[in-house]
Amino acid sequence: MLCPGISHAERTLDCCVSAFLQMDYHFEYTECDGTGSRWRVAIPRKQDLCTGLPDPVSGTDCTFSCDAGEFLEMSAQQCTPCVAGTYSLGSGIRFDEWDDIPVGFTSLATYLDSSPGVEEIHACKNSSWVPKGSYLESNRDDCTVSLIYAVHLKKQGSVSFEYQYVDNNIFFEFFIQNDQCQEMDQTPDQKWIKLTNNGEWGGHTVNLNSGTNILYWRTTGIFLGTKALKPVLLKNIHIEGVAYTSECFQCKPGTFSRAPGSSTCEPCPRNTHSSKGATSCTPCDKETQYSPEGSAECKEKSACTEKDYFQIHTPCDSDGKTQVIYKWIEPKICLENVTGAVTLPPSGEREPCPPCNPGFYSYNSASCFPCPPGTFSDGCEKCPAGTEPALGYEYKWWNVLPSNMKTSCFNVGNSKCDDMNGWEVAGDHIRSGAGSSDNDYLILNLWVPGFKLPTSVTGSSGTEFGRVTFVFETTCSADCELYFMMDVNRKSTSVVESWEGSKARMSYSHIVTKNASVSFTWAFQRTSQAQDVSIYSITLTNAQDGTASSCRACALVSQQTGTSCVPCPTGHYIDKDNNRCRQCPPDTYLSGHQVYSKEACIPCGPGSRSNKDRSRCFSDCSFSHTWQNRTLTYDFSPLGPVGSIMNGPSFTSKGTKYFHSFNISLCGLEGNRAAICTDNVTDLSKMERQNEPGEFANYVEAFVCQSTIIPSDGRGFRTALSSQSVSLADTFMGNLMEIHIFECERTSMNICFGFRSSQPTSSCENGRSAVISLRCNPEKTASGCVNPGLLLPACFSSKCPAGTCDGCTFNFLWESASACPRCTEADYHEIEGACKGGSQTILYVWNEPKLCSKGVRLPVMRRTPCEAIDFWLKIGAALGAFMALLLISLSCYFWKKNKRLEYKYSRLVMTASRDCDMPAADSCAVMEGDDNEDDVVCSSKPSLLGKLKSMAAKVSRKPP
């Protein structure tokens, strides 16, 4: 290169410097010093070239920044507008392209379970945030995955992003660390991200401090069943507070900026496209190509099919006819003049209009109008005396969409489908629209400004303010899901129920328990395959601005015609005979949606009683039962406060440890449902309950409720996390003494408390029920709010660890001393001690095993004198000894006398047998007491025995 007008050596040096200016170095600023100053220095791009570099010069102030649409040109250190096709945020940076994870971002998967034996590397090595073009998608498993980005701010700034977070089985948190890995202080609502509606994007903004900020977007999936998790979606990350940007960013494909100094790029209109850094968009071939808004390329149109058009019904004309109109789905992306294409059916066929919905009337057969207040739809006549209109919505004919309903379309990928109707009316039903992609959510919304109870029950303390019922059917050839959601006062949207796949025609009802403005939403996620959902009818009771399809009885002050209706006090029904308010009998409660006739008073279950308002039944913690000719009396007051049980642990497929926690409100409290289960992913629920008691919060109140608990040592969280809180029972059915048979316990006598919830679910059409069996165990006592005796039956829980095998019926066993009957005199006996020192001790002990508590107490030990008893014992002993001696003496005397008589008798026999010629004596005997045993006394008259013996002797002496 030659440089004229200077020497060769000078020319060589200057040309080298010029080359540096153009190619071989760039400028950067040094770190700011303590005074806030810095230097601009030249940094060579390559080494081993020219050594001459521009000298360092003083740089701009550390807090200096350019406006949006400008960049800092380092050579002159001045802000310069960006050229067309590029943009600049000035003091910010934006990430809106997600074809891959941008430089500076890191996706880190961890498995934070501290349990031994967990192989976290192998368990989560494939988990990551996944780029999807216009957004990022979180992992779908139960690993913890963090998206990390570090940014250094020269001044205070902020970070904002858009997200979609619809699945409460995922914990989504955003937090910030400094350069020393210390987490910065954040409020719970800044750290824990709120759920969004299906298909809608939410926004989140957090302020940042100057210095290094390490940003974390962290998701943790809780995969507790076979249902797939719905990932978190993230897009449009915008960070403010960088001191300057030294370059402008090219517009991403599908966008453009036509003028210099742009701070944003505009999306290309439909049927156009652009490449990166475009200043304008290129049209597609109108005949054969199409493109959605913001497209980087054009797509070829395919042959039209039946999925590419839909039908609508025109409003009814004066003849009561409607026309069926067929229209192409816009934008039209198909060709109808190619082989195999279908054509649009002819429009204009006239059909009879469907009838007006109940509560409406037709004027000139053209349109339907609501009946005037005080009338009902049988010709819009006034309700008879003693009745009032039953206000509400009842939609079962669909010629036009009701004025309080609207339909729309949302797309997850941010492609526009807003101009498509999500749902279309079709005479006797309303069905889902066509949509345009697999990411479309077809939305149907019903807005209710509030609820108005019938006059007769305005004083009721019941919890049913309205009831929505709808009949629907889904037909799906691929995966699809219908969501039913409720938004209270535009603040707390929640999914009430959802249904996956094809469902035959079925009815579903939901009870509204708060008098507030409510928005009901039906969201259907469909794919490009043949899928459809139809809703045949929607009925809502007690709607504030509703119409009446019928009249209902009300209470009157008197029977005079025209007397206005009056409210009945709580727990009062309307007497059929005179339309007057009558209180329900004791131990009955008033049905929540029926107050006419005494039959509206429903008897309480066994062992229960009604509260003062006759609005519900409850157990007053006392119970009596006759068993084996004994009356057993129970006092369950110590068990009245909320008891808790946590079963498990259980583990997910990747080893995540979790528990099912149950809270039980057994008795007392006038029937108030004191068991509360909370989703404590954030502390917002507590704040809402304190600051806005009238609003829905993230908790449920019931007699029995359940939560899923992730322990603090199970996933690396500082505190245990509670989610998926549901009510298992909100009505007390009663209790009774019975042999409650568990699968492995067939002899235990228990007292069973029965509860149920009539609210149906997709898996429990008749609602849920719970049985708490109380068993006497004197060794177990309640301790605070956690009762150690509350457990699942051991053999039952081994097969069904959550206390249920079907998710609808739950069984619990509660062993406690408070479950024992009150003690009576029959439960103890006395023991007498020995008499010592003239007194003896009497003790009282319980019968074993002891199966009672409280009640009567054991009598105290007592001592009694025992002298009188000892004296008679001595007398008895002396008399006994004397009688024994007397008996012995008499026995000896008679024995001796018997011996003498025996001897004398033998001598007498021997004497009678001698040969003697002496005359027989009349009698012969030995005188008693004679000592001479040989003396014989003969009498003049022989005895009979002697005569017999003498005759025998003579006969024996005769010769033969």
# chains A, B, ... in the order shown; residues from 1 in each chain; ligands from 1
>>> residues_around(residues="range 309-319 of chain A", least_positions_apart="4", cutoff="7 Å", atoms="only C-alpha atoms", output="ChimeraX atom specification")
/A:323-329,353,364-367,399-400,424-425
>>> residues_around(residues="Leu444 in chain A", least_positions_apart="6", cutoff="10 Å", atoms="only C-alpha atoms", output="count of residues only")
18
>>> select_by_dssp(residues="range 347-397 of chain A", states="strand (DSSP E or B)", output="list in words")
Glu349, Arg350, Glu351, Pro352, Phe360, Tyr361, Ser362, Tyr363, Ser367, Cys368, Phe369, Pro370, Thr375, Phe376, Glu381, Lys382, Thr387, Glu388, Pro389, Ala390, Leu391, Gly392, Tyr393, Glu394 and Tyr395 of chain A
>>> residues_around(residues="range 248-262 of chain A", least_positions_apart="4", cutoff="7 Å", atoms="only C-alpha atoms", output="PyMOL selection string")
chain A and resi 69-71+81-88+266-268+273-281+294-296
>>> atom_distance(atom1="CA of Gly203 in chain A", atom2="CA of Ser107 in chain A")
21.4 Å
>>> residues_around(residues="range 466-474 of chain A", least_positions_apart="2", cutoff="7 Å", atoms="only C-alpha atoms", output="ChimeraX atom specification")
/A:451,464,476,502-512,532-542
>>> closest_residue(among="A:Cys383, A:Ala42, A:Val488, A:Cys776", to="Val448 in chain A", atoms="only C-alpha atoms")
A:Val488
>>> closest_residue(among="A:Lys896, A:Phe636, A:Asp142, A:Asp185", to="Lys657 in chain A", atoms="only C-alpha atoms")
A:Asp142
